[in-house]
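Data from entry.json: JSON, C-alpha atoms
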```json
[["chain", "number", "residue", "atom", "x", "y", "z"],
["A", 1, "MET", "CA", 11.91, -15.04, -2.37],
["A", 2, "ASP", "CA", 12.52, -11.30, -2.38],
["A", 3, "ALA", "CA", 10.93, -8.42, -0.48],
["A", 4, "SER", "CA", 8.36, -7.77, -3.21],
["A", 5, "SER", "CA", 6.94, -11.28, -2.87],
["A", 6, "ILE", "CA", 6.34, -10.74, 0.88],
["A", 7, "LYS", "CA", 4.42, -7.48, 0.38],
["A", 8, "PRO", "CA", 1.16, -9.09, -0.83],
["A", 9, "PHE", "CA", 1.07, -11.24, 2.32],
["A", 10, "ILE", "CA", 1.60, -8.24, 4.60],
["A", 11, "GLN", "CA", -1.15, -6.30, 2.84],
["A", 12, "SER", "CA", -3.45, -9.31, 2.92],
["A", 13, "ILE", "CA", -3.05, -10.14, 6.64],
["A", 14, "GLN", "CA", -3.63, -6.48, 7.54],
["A", 15, "ASN", "CA", -6.73, -6.39, 5.32],
["A", 16, "VAL", "CA", -8.15, -9.62, 6.79],
["A", 17, "PHE", "CA", -7.59, -8.53, 10.39],
["A", 18, "SER", "CA", -9.01, -5.04, 9.89],
["A", 19, "THR", "CA", -12.01, -6.11, 7.76],
["A", 20, "MET", "CA", -13.12, -9.19, 9.71],
["A", 21, "MET", "CA", -12.10, -8.21, 13.24],
["A", 22, "GLN", "CA", -11.48, -4.45, 13.17],
["A", 23, "LEU", "CA", -8.10, -5.37, 14.64],
["A", 24, "GLN", "CA", -5.02, -3.25, 13.94],
["A", 25, "LEU", "CA", -1.99, -5.39, 13.10],
["A", 26, "GLU", "CA", 1.56, -4.02, 13.40],
["A", 27, "VAL", "CA", 4.11, -5.80, 11.23],
["A", 28, "GLY", "CA", 7.72, -6.21, 12.43],
["A", 29, "ASP", "CA", 10.82, -6.81, 10.31],
["A", 30, "PRO", "CA", 10.59, -10.10, 8.38],
["A", 31, "ILE", "CA", 13.35, -12.61, 9.18],
["A", 32, "VAL", "CA", 14.50, -15.90, 7.68],
["A", 33, "LYS", "CA", 13.21, -18.72, 9.88],
["A", 34, "GLN", "CA", 15.56, -21.61, 10.60],
["A", 35, "ASP", "CA", 14.34, -25.15, 9.82],
["A", 36, "ASP", "CA", 14.57, -26.36, 13.42],
["A", 37, "GLU", "CA", 12.65, -23.45, 14.96],
["A", 38, "PRO", "CA", 9.20, -24.46, 16.21],
["A", 39, "SER", "CA", 6.10, -22.47, 15.38],
["A", 40, "PHE", "CA", 3.68, -21.17, 18.03],
["A", 41, "ASP", "CA", 1.00, -23.46, 19.58],
["A", 42, "VAL", "CA", -1.68, -23.14, 16.86],
["A", 43, "SER", "CA", -0.79, -23.11, 13.14],
["A", 44, "GLY", "CA", -3.09, -22.80, 10.14],
["A", 45, "ILE", "CA", -1.40, -24.10, 6.99],
["A", 46, "ILE", "CA", -2.20, -23.54, 3.31],
["A", 47, "GLY", "CA", -0.34, -25.14, 0.42],
["A", 48, "MET", "CA", 0.15, -23.24, -2.84],
["A", 49, "SER", "CA", 0.71, -24.92, -6.18],
["A", 50, "GLY", "CA", 1.05, -24.01, -9.84],
["A", 51, "ASP", "CA", 3.42, -21.24, -10.92],
["A", 52, "VAL", "CA", 4.12, -20.51, -7.24],
["A", 53, "VAL", "CA", 4.64, -23.47, -4.89],
["A", 54, "GLY", "CA", 5.12, -23.76, -1.14],
["A", 55, "SER", "CA", 3.26, -23.04, 2.05],
["A", 56, "VAL", "CA", 1.80, -20.23, 4.12],
["A", 57, "VAL", "CA", 1.51, -20.71, 7.89],
["A", 58, "LEU", "CA", -0.39, -18.46, 10.29],
["A", 59, "SER", "CA", 0.86, -19.29, 13.78],
["A", 60, "PHE", "CA", -0.36, -18.09, 17.19],
["A", 61, "PRO", "CA", 0.27, -18.81, 20.87],
["A", 62, "GLN", "CA", -2.88, -20.58, 22.19],
["A", 63, "GLU", "CA", -4.13, -17.58, 24.18],
["A", 64, "THR", "CA", -3.70, -15.20, 21.23],
["A", 65, "ALA", "CA", -5.46, -17.63, 18.90],
["A", 66, "GLU", "CA", -8.44, -17.82, 21.26],
["A", 67, "ARG", "CA", -8.67, -14.03, 21.57],
["A", 68, "VAL", "CA", -8.44, -13.52, 17.79],
["A", 69, "VAL", "CA", -11.00, -16.25, 17.07],
["A", 70, "ALA", "CA", -13.35, -14.77, 19.68],
["A", 71, "LEU", "CA", -13.30, -11.49, 17.75],
["A", 72, "PHE", "CA", -13.62, -13.27, 14.39],
["A", 73, "THR", "CA", -16.57, -15.45, 15.34],
["A", 74, "GLY", "CA", -18.27, -13.20, 17.90],
["A", 75, "MET", "CA", -18.15, -16.09, 20.39],
["A", 76, "PRO", "CA", -17.06, -15.66, 24.04],
["A", 77, "GLN", "CA", -13.41, -16.79, 24.40],
["A", 78, "GLU", "CA", -14.29, -19.52, 26.92],
["A", 79, "GLU", "CA", -16.78, -21.12, 24.48],
["A", 80, "ILE", "CA", -14.51, -21.33, 21.43],
["A", 81, "GLY", "CA", -13.30, -24.92, 21.90],
["A", 82, "GLU", "CA", -13.89, -26.88, 18.70],
["A", 83, "ALA", "CA", -14.46, -23.73, 16.62],
["A", 84, "LEU", "CA", -10.78, -22.81, 16.94],
["A", 85, "PRO", "CA", -9.28, -24.95, 14.14],
["A", 86, "ASP", "CA", -12.03, -24.10, 11.65],
["A", 87, "ALA", "CA", -11.69, -20.37, 12.32],
["A", 88, "VAL", "CA", -7.88, -20.41, 12.14],
["A", 89, "GLY", "CA", -8.11, -22.37, 8.89],
["A", 90, "GLU", "CA", -10.47, -19.79, 7.42],
["A", 91, "LEU", "CA", -8.19, -16.92, 8.47],
["A", 92, "VAL", "CA", -5.12, -18.42, 6.76],
["A", 93, "ASN", "CA", -7.32, -19.24, 3.75],
["A", 94, "MET", "CA", -8.38, -15.59, 3.42],
["A", 95, "ILE", "CA", -4.82, -14.31, 3.91],
["A", 96, "SER", "CA", -3.41, -16.69, 1.27],
["A", 97, "GLY", "CA", -6.27, -16.05, -1.13],
["A", 98, "GLY", "CA", -5.83, -12.29, -0.80],
["A", 99, "ALA", "CA", -2.10, -12.54, -1.46],
["A", 100, "LYS", "CA", -2.70, -14.89, -4.39],
["A", 101, "GLY", "CA", -4.83, -12.16, -5.97],
["A", 102, "HIS", "CA", -1.64, -10.13, -6.45],
["A", 103, "TYR", "CA", -0.20, -12.84, -8.72],
["A", 104, "GLN", "CA", -2.42, -11.82, -11.67],
["A", 105, "ASP", "CA", 0.18, -13.07, -14.18],
["A", 106, "ARG", "CA", 0.61, -16.47, -12.48],
["A", 107, "LYS", "CA", -1.61, -19.53, -12.32],
["A", 108, "VAL", "CA", -1.74, -20.40, -8.63],
["A", 109, "SER", "CA", -4.04, -22.71, -6.68],
["A", 110, "ILE", "CA", -4.41, -22.89, -2.92],
["A", 111, "SER", "CA", -5.23, -26.00, -0.91],
["A", 112, "CYS", "CA", -7.94, -26.37, 1.69],
["A", 113, "PRO", "CA", -6.41, -25.35, 5.06],
["A", 114, "SER", "CA", -4.99, -27.72, 7.70],
["A", 115, "VAL", "CA", -4.58, -26.73, 11.33],
["A", 116, "VAL", "CA", -2.05, -28.11, 13.82],
["A", 117, "ILE", "CA", -2.47, -27.54, 17.56],
["A", 118, "GLY", "CA", 0.23, -28.40, 20.11],
["A", 119, "ALA", "CA", 3.24, -26.82, 21.78],
["A", 120, "ASN", "CA", 6.62, -26.88, 19.98],
["A", 121, "HIS", "CA", 5.36, -28.34, 16.71],
["A", 122, "LYS", "CA", 7.38, -27.80, 13.54],
["A", 123, "VAL", "CA", 6.03, -27.39, 10.02],
["A", 124, "ALA", "CA", 8.27, -29.25, 7.57],
["A", 125, "ARG", "CA", 9.12, -27.62, 4.24],
["A", 126, "PRO", "CA", 11.42, -28.38, 1.32],
["A", 127, "ARG", "CA", 14.99, -27.53, 2.40],
["A", 128, "ASP", "CA", 15.68, -25.43, -0.69],
["A", 129, "VAL", "CA", 12.80, -23.02, -0.07],
["A", 130, "PRO", "CA", 13.64, -20.37, 2.54],
["A", 131, "CYS", "CA", 10.91, -19.52, 5.01],
["A", 132, "ILE", "CA", 10.33, -15.83, 5.73],
["A", 133, "MET", "CA", 8.72, -15.19, 9.09],
["A", 134, "ILE", "CA", 6.71, -11.98, 9.40],
["A", 135, "PRO", "CA", 6.23, -11.14, 13.11],
["A", 136, "CYS", "CA", 2.97, -9.34, 13.88],
["A", 137, "ASP", "CA", 1.60, -7.58, 16.96],
["A", 138, "THR", "CA", -2.04, -7.01, 17.80],
["A", 139, "ASP", "CA", -4.07, -6.04, 20.87],
["A", 140, "CYS", "CA", -4.82, -9.78, 21.18],
["A", 141, "GLY", "CA", -1.11, -10.66, 21.34],
["A", 142, "SER", "CA", 1.76, -11.53, 18.99],
["A", 143, "LEU", "CA", 1.53, -13.95, 16.08],
["A", 144, "ALA", "CA", 3.52, -14.82, 12.98],
["A", 145, "LEU", "CA", 2.93, -15.37, 9.29],
["A", 146, "GLU", "CA", 5.45, -17.81, 7.80],
["A", 147, "VAL", "CA", 5.78, -17.73, 4.01],
["A", 148, "ALA", "CA", 7.90, -20.33, 2.18],
["A", 149, "LEU", "CA", 7.29, -20.05, -1.56],
["A", 150, "ARG", "CA", 9.16, -20.69, -4.78],
["A", 151, "ASP", "CA", 8.16, -18.69, -7.85],
["A", 152, "CYS", "CA", 8.62, -21.31, -10.56],
["A", 153, "LYS", "CA", 7.74, -18.93, -13.39],
["A", 154, "SER", "CA", 10.36, -16.43, -12.28],
["A", 155, "ASN", "CA", 13.00, -19.22, -12.12],
["A", 156, "GLU", "CA", 11.89, -20.37, -15.57],
["A", 157, "THR", "CA", 12.33, -16.86, -16.98],
["A", 158, "LYS", "CA", 15.76, -16.58, -15.34],
["A", 159, "GLY", "CA", 16.69, -19.94, -16.79],
["A", 160, "GLN", "CA", 15.60, -18.89, -20.27],
["A", 161, "GLY", "CA", 17.60, -15.67, -19.84],
["A", 162, "ALA", "CA", 20.67, -17.68, -18.93],
["A", 163, "VAL", "CA", 20.27, -19.86, -22.03],
["A", 164, "ALA", "CA", 19.77, -16.78, -24.20],
["A", 165, "ALA", "CA", 22.85, -15.16, -22.65],
["A", 166, "ALA", "CA", 24.89, -18.28, -23.31],
["B", 1, "MET", "CA", -36.72, -15.57, 1.88],
["B", 2, "LYS", "CA", -34.83, -18.88, 1.78],
["B", 3, "VAL", "CA", -31.05, -18.94, 1.40],
["B", 4, "LEU", "CA", -28.75, -21.94, 0.87],
["B", 5, "LEU", "CA", -25.26, -21.33, 2.31],
["B", 6, "ILE", "CA", -22.47, -23.51, 0.90],
["B", 7, "ASP", "CA", -19.09, -23.24, 2.64],
["B", 8, "ASP", "CA", -16.80, -25.87, 4.16],
["B", 9, "SER", "CA", -16.02, -23.53, 7.06],
["B", 10, "ALA", "CA", -18.63, -23.55, 9.82],
["B", 11, "THR", "CA", -17.17, -20.24, 10.99],
["B", 12, "MET", "CA", -17.88, -18.58, 7.64],
["B", 13, "ARG", "CA", -21.36, -20.07, 7.52],
["B", 14, "ASN", "CA", -22.07, -18.66, 10.98],
["B", 15, "ILE", "CA", -20.77, -15.21, 10.01],
["B", 16, "GLN", "CA", -22.91, -15.20, 6.86],
["B", 17, "LYS", "CA", -25.93, -16.53, 8.78],
["B", 18, "SER", "CA", -25.64, -13.66, 11.22],
["B", 19, "ILE", "CA", -25.53, -11.11, 8.37],
["B", 20, "LEU", "CA", -28.48, -12.77, 6.61],
["B", 21, "SER", "CA", -30.53, -12.74, 9.84],
["B", 22, "GLN", "CA", -29.80, -9.02, 10.24],
["B", 23, "ILE", "CA", -31.22, -8.32, 6.77],
["B", 24, "GLY", "CA", -34.34, -10.33, 7.49],
["B", 25, "VAL", "CA", -33.67, -13.71, 5.89],
["B", 26, "GLY", "CA", -36.00, -16.16, 7.61],
["B", 27, "GLU", "CA", -34.91, -19.60, 6.44],
["B", 28, "ILE", "CA", -31.30, -20.71, 5.99],
["B", 29, "GLU", "CA", -30.06, -24.16, 4.97],
["B", 30, "GLU", "CA", -26.36, -25.03, 5.22],
["B", 31, "ALA", "CA", -24.17, -27.30, 3.11],
["B", 32, "CYS", "CA", -20.48, -28.06, 3.67],
["B", 33, "ASP", "CA", -19.54, -28.67, 0.01],
["B", 34, "GLY", "CA", -20.98, -28.89, -3.50],
["B", 35, "GLN", "CA", -22.06, -32.50, -3.15],
["B", 36, "ASP", "CA", -23.86, -31.81, 0.12],
["B", 37, "ALA", "CA", -25.56, -28.81, -1.53],
["B", 38, "LEU", "CA", -26.75, -30.85, -4.52],
["B", 39, "SER", "CA", -28.36, -33.33, -2.12],
["B", 40, "LYS", "CA", -30.23, -30.52, -0.29],
["B", 41, "VAL", "CA", -31.10, -27.95, -2.93],
["B", 42, "GLY", "CA", -34.04, -29.83, -4.47],
["B", 43, "ALA", "CA", -35.94, -30.22, -1.23],
["B", 44, "PHE", "CA", -35.07, -26.75, 0.11],
["B", 45, "GLN", "CA", -35.88, -24.75, -3.07],
["B", 46, "PRO", "CA", -33.83, -21.65, -2.10],
["B", 47, "ASP", "CA", -34.49, -18.11, -3.34],
["B", 48, "LEU", "CA", -30.73, -17.43, -3.25],
["B", 49, "ILE", "CA", -27.57, -19.50, -3.04],
["B", 50, "LEU", "CA", -24.28, -18.25, -1.53],
["B", 51, "VAL", "CA", -21.44, -20.55, -2.57],
["B", 52, "ASP", "CA", -17.73, -20.72, -1.68],
["B", 53, "TRP", "CA", -15.20, -21.76, -4.36],
["B", 54, "ASN", "CA", -12.54, -23.90, -2.64],
["B", 55, "MET", "CA", -14.15, -26.84, -0.85],
["B", 56, "PRO", "CA", -13.38, -30.56, -0.52],
["B", 57, "ASN", "CA", -15.38, -33.27, -2.38],
["B", 58, "MET", "CA", -17.02, -30.88, -4.86],
["B", 59, "ASP", "CA", -15.82, -27.29, -5.24],
["B", 60, "GLY", "CA", -18.07, -24.31, -5.79],
["B", 61, "ILE", "CA", -17.45, -23.84, -9.50],
["B", 62, "THR", "CA", -18.35, -27.48, -10.19],
["B", 63, "PHE", "CA", -21.51, -27.07, -8.11],
["B", 64, "VAL", "CA", -22.49, -23.93, -10.06],
["B", 65, "LYS", "CA", -21.97, -25.64, -13.44],
["B", 66, "THR", "CA", -23.87, -28.75, -12.34],
["B", 67, "PHE", "CA", -26.74, -26.82, -10.76],
["B", 68, "ARG", "CA", -27.12, -24.47, -13.74],
["B", 69, "LYS", "CA", -27.76, -27.43, -16.07],
["B", 70, "ALA", "CA", -31.08, -27.94, -14.27],
["B", 71, "ASP", "CA", -31.85, -24.47, -12.90],
["B", 72, "LYS", "CA", -31.12, -21.30, -14.84],
["B", 73, "ALA", "CA", -33.13, -18.98, -12.60],
["B", 74, "THR", "CA", -32.18, -19.27, -8.91],
["B", 75, "PRO", "CA", -29.72, -16.45, -8.17],
["B", 76, "MET", "CA", -26.26, -17.44, -6.98],
["B", 77, "ILE", "CA", -23.48, -15.35, -5.42],
["B", 78, "MET", "CA", -19.92, -16.70, -5.21],
["B", 79, "VAL", "CA", -18.35, -15.79, -1.84],
["B", 80, "THR", "CA", -14.68, -16.66, -2.03],
["B", 81, "THR", "CA", -11.03, -15.73, -1.50],
["B", 82, "GLU", "CA", -10.47, -16.14, -5.26],
["B", 83, "SER", "CA", -10.01, -12.53, -6.36],
["B", 84, "GLU", "CA", -8.22, -12.81, -9.71],
["B", 85, "ARG", "CA", -10.11, -11.35, -12.67],
["B", 86, "ALA", "CA", -9.86, -14.66, -14.56],
["B", 87, "ARG", "CA", -11.62, -16.45, -11.69],
["B", 88, "VAL", "CA", -14.41, -13.85, -11.54],
["B", 89, "VAL", "CA", -14.96, -14.19, -15.30],
["B", 90, "GLU", "CA", -14.96, -18.00, -15.01],
["B", 91, "ALA", "CA", -17.59, -17.87, -12.25],
["B", 92, "ILE", "CA", -19.83, -15.43, -14.14],
["B", 93, "LYS", "CA", -19.58, -17.60, -17.27],
["B", 94, "ALA", "CA", -20.50, -20.66, -15.20],
["B", 95, "GLY", "CA", -23.68, -18.90, -14.05],
["B", 96, "VAL", "CA", -23.20, -16.91, -10.86],
["B", 97, "ASN", "CA", -25.09, -13.61, -10.67],
["B", 98, "ASN", "CA", -22.66, -11.75, -8.41],
["B", 99, "TYR", "CA", -19.32, -12.14, -6.66],
["B", 100, "VAL", "CA", -18.03, -11.29, -3.16],
["B", 101, "VAL", "CA", -14.34, -11.52, -2.26],
["B", 102, "LYS", "CA", -13.40, -12.60, 1.26],
["B", 103, "PRO", "CA", -12.70, -10.82, 3.56],
["B", 104, "PHE", "CA", -15.92, -8.82, 3.34],
["B", 105, "THR", "CA", -17.92, -6.51, 5.59],
["B", 106, "PRO", "CA", -21.63, -7.14, 6.33],
["B", 107, "ASP", "CA", -22.42, -4.08, 4.17],
["B", 108, "VAL", "CA", -20.69, -5.54, 1.11],
["B", 109, "LEU", "CA", -22.54, -8.86, 1.35],
["B", 110, "SER", "CA", -25.89, -7.09, 1.86],
["B", 111, "GLN", "CA", -25.19, -4.79, -1.08],
["B", 112, "ARG", "CA", -24.38, -7.70, -3.43],
["B", 113, "ILE", "CA", -27.57, -9.48, -2.38],
["B", 114, "ASN", "CA", -29.60, -6.32, -3.04],
["B", 115, "GLU", "CA", -27.93, -5.91, -6.44],
["B", 116, "VAL", "CA", -28.92, -9.45, -7.39],
["B", 117, "PHE", "CA", -32.54, -9.01, -6.35],
["B", 118, "ALA", "CA", -32.71, -5.63, -8.10],
["B", 119, "LYS", "CA", -32.03, -7.55, -11.33],
["B", 120, "THR", "CA", -33.91, -10.78, -10.73],
["B", 121, "GLY", "CA", -36.77, -9.45, -8.60],
["B", 122, "VAL", "CA", -37.21, -9.89, -4.84],
["B", 123, "PRO", "CA", -38.78, -13.25, -3.92],
["B", 124, "SER", "CA", -42.24, -13.02, -2.37]]
```

Will you turn the file into structure tokens for me?
Amino acid sequence: MDASSIKPFIQSIQNVFSTMMQLQLEVGDPIVKQDDEPSFDVSGIIGMSGDVVGSVVLSFPQETAERVVALFTGMPQEEIGEALPDAVGELVNMISGGAKGHYQDRKVSISCPSVVIGANHKVARPRDVPCIMIPCDTDCGSLALEVALRDCKSNETKGQGAVAAA
Amino acid sequence: MKVLLIDDSATMRNIQKSILSQIGVGEIEEACDGQDALSKVGAFQPDLILVDWNMPNMDGITFVKTFRKADKATPMIMVTTESERARVVEAIKAGVNNYVVKPFTPDVLSQRINEVFAKTGVPS
């Protein structure tokens, strides 16, 4: 993954947060996440397949997730309860879908979202796909978008180039 | 006016229900996927259908194709994260009358609904 492949995800998360929640989202410097590092307490996960394969994880501390979902749904924070996983799933779905729209020259499908809730959980990924963590700050608290994708079409093109060069 | 909302996310259905109530929609039926919608649409007889694309069991595009075999008239709007031009073309060819990309503002959804009824006629 290079910097250009992260850009659609940054644009998409900012668009989703501003459009659906009127919430400003400040993006920090992306870093490579180590395999053994846990995510925050609540993680929405989307799988991508086709010309681009991997996963996108939107991860929040519990309190931040509740505040964000309260804004998203219009529900009071203390009443969110069972609505939390569905709302987090829909947020990561919109972020992934928006970023996927930038891959106009690729055939990419996204899965239905899954949501994991619990302290210190880890999201497993293929070892050969680096995970880029994009730290984000909002008035509701900090959160992270974790993007671990392999562009198969780009690798294919590189491979063909190598054969042609040989 | 009667609207059938098809989305696997209860959160999205609630958000759309709130927007529809604000623009005066009186009756709303909900379905959590294409299969659920097919089982409800006959009895409910909606004036408008809002349908998501990515859903378990039966996705939105399969619902649209299946429903259009029997009903060519009821307006349908696809409300989805699928924003690629090829997807929009595929949905229009399958029979949707308009398209809304998530995330959306209440104004955008209202505008698309008005556009549809400007073409098909507002239900009485």

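With atom CA of B:Ala43 on one side and atom CA of B:Val96 on the other, the separation reads 20.8 Å.
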
Could you give me, as a tab-separated table, a per-residue list for chain B showing, wherever an atom lies at most 7 Å from an atom of chain A, the closest pair of atoms and their distance in Å to one decimal, using all atoms listed in the file and sorting by chain then residue number from low to high?
```
residue	atom	partner	partner_atom	distance
B:Ser9	CA	A:Asp86	CA	6.1
B:Ala10	CA	A:Asp86	CA	6.9
B:Thr11	CA	A:Ala87	CA	5.6
B:Ile15	CA	A:Thr73	CA	6.8
B:Asn54	CA	A:Cys112	CA	6.8
B:Met55	CA	A:Cys112	CA	6.7
B:Thr81	CA	A:Gly97	CA	4.8
B:Glu82	CA	A:Gly97	CA	5.9
B:Ser83	CA	A:Gly101	CA	5.2
B:Glu84	CA	A:Gly101	CA	5.1
B:Lys102	CA	A:Met94	CA	6.2
B:Pro103	CA	A:Val16	CA	5.7
B:Phe104	CA	A:Thr19	CA	6.5
B:Thr105	CA	A:Thr19	CA	6.3
```

>> I'd like the neighbourhood of B:Arg112 as a PyMOL selection string, where a residue qualifies if any of its atoms comes within 8 Å (using only C-alpha atoms), though same-chain residues fewer than 3 positions away should be ignored.
In response: chain B and resi 77+98-100+108-109+115-116

Any idea what's packed within 12 Å of stretch 21-28 of chain B, counting all atoms listed in the file, ignoring anything in its chain fewer than 6 positions away? Could you give it as a compact mmCIF listing (two decimals) with C-alpha atoms, keeping the file's coordinate frame?
```txt
# COMPACT_ATOMS: atom_id res chain seq x y z
CA MET B 1 -36.72 -15.57 1.88
CA LYS B 2 -34.83 -18.88 1.78
CA VAL B 3 -31.05 -18.94 1.40
CA LEU B 4 -28.75 -21.94 0.87
CA LEU B 5 -25.26 -21.33 2.31
CA ILE B 6 -22.47 -23.51 0.90
CA ARG B 13 -21.36 -20.07 7.52
CA ASN B 14 -22.07 -18.66 10.98
CA ILE B 15 -20.77 -15.21 10.01
CA LYS B 40 -30.23 -30.52 -0.29
CA VAL B 41 -31.10 -27.95 -2.93
CA PHE B 44 -35.07 -26.75 0.11
CA GLN B 45 -35.88 -24.75 -3.07
CA PRO B 46 -33.83 -21.65 -2.10
CA ASP B 47 -34.49 -18.11 -3.34
CA LEU B 48 -30.73 -17.43 -3.25
CA ILE B 49 -27.57 -19.50 -3.04
CA LEU B 50 -24.28 -18.25 -1.53
CA PRO B 106 -21.63 -7.14 6.33
CA ASP B 107 -22.42 -4.08 4.17
CA LEU B 109 -22.54 -8.86 1.35
CA SER B 110 -25.89 -7.09 1.86
CA GLN B 111 -25.19 -4.79 -1.08
CA ILE B 113 -27.57 -9.48 -2.38
CA ASN B 114 -29.60 -6.32 -3.04
CA VAL B 122 -37.21 -9.89 -4.84
CA PRO B 123 -38.78 -13.25 -3.92
CA SER B 124 -42.24 -13.02 -2.37
```

> Expressed in Å to a single decimal, how great is the separation between atom CA of B:Ala37 and atom CA of A:Glu82?
Replying inline: 23.4 Å

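As for atom CA of B:Ala70 and atom CA of B:Asp52, they are spaced 19.7 Å apart.
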
>> Applying 9 Å and all atoms listed in the file, which residues near stretch 120-125 of chain A remain after dropping the ones on its own chain fewer than 6 positions away? List them as a PyMOL selection string.
In response: chain A and resi 35-43+45+54-55+57+131+148

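Residue nearest B:Gly60, chosen from B:Val88, B:Met12, B:Leu20, B:Val79 and counting all atoms listed in the file: B:Val79.
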
>> For B:Pro56, find every residue with an atom within 9 Å (counting only C-alpha atoms), except residues of its own chain fewer than 4 positions away, and show them as a PyMOL selection string.
In response: (chain A and resi 112) or (chain B and resi 8+32-34)
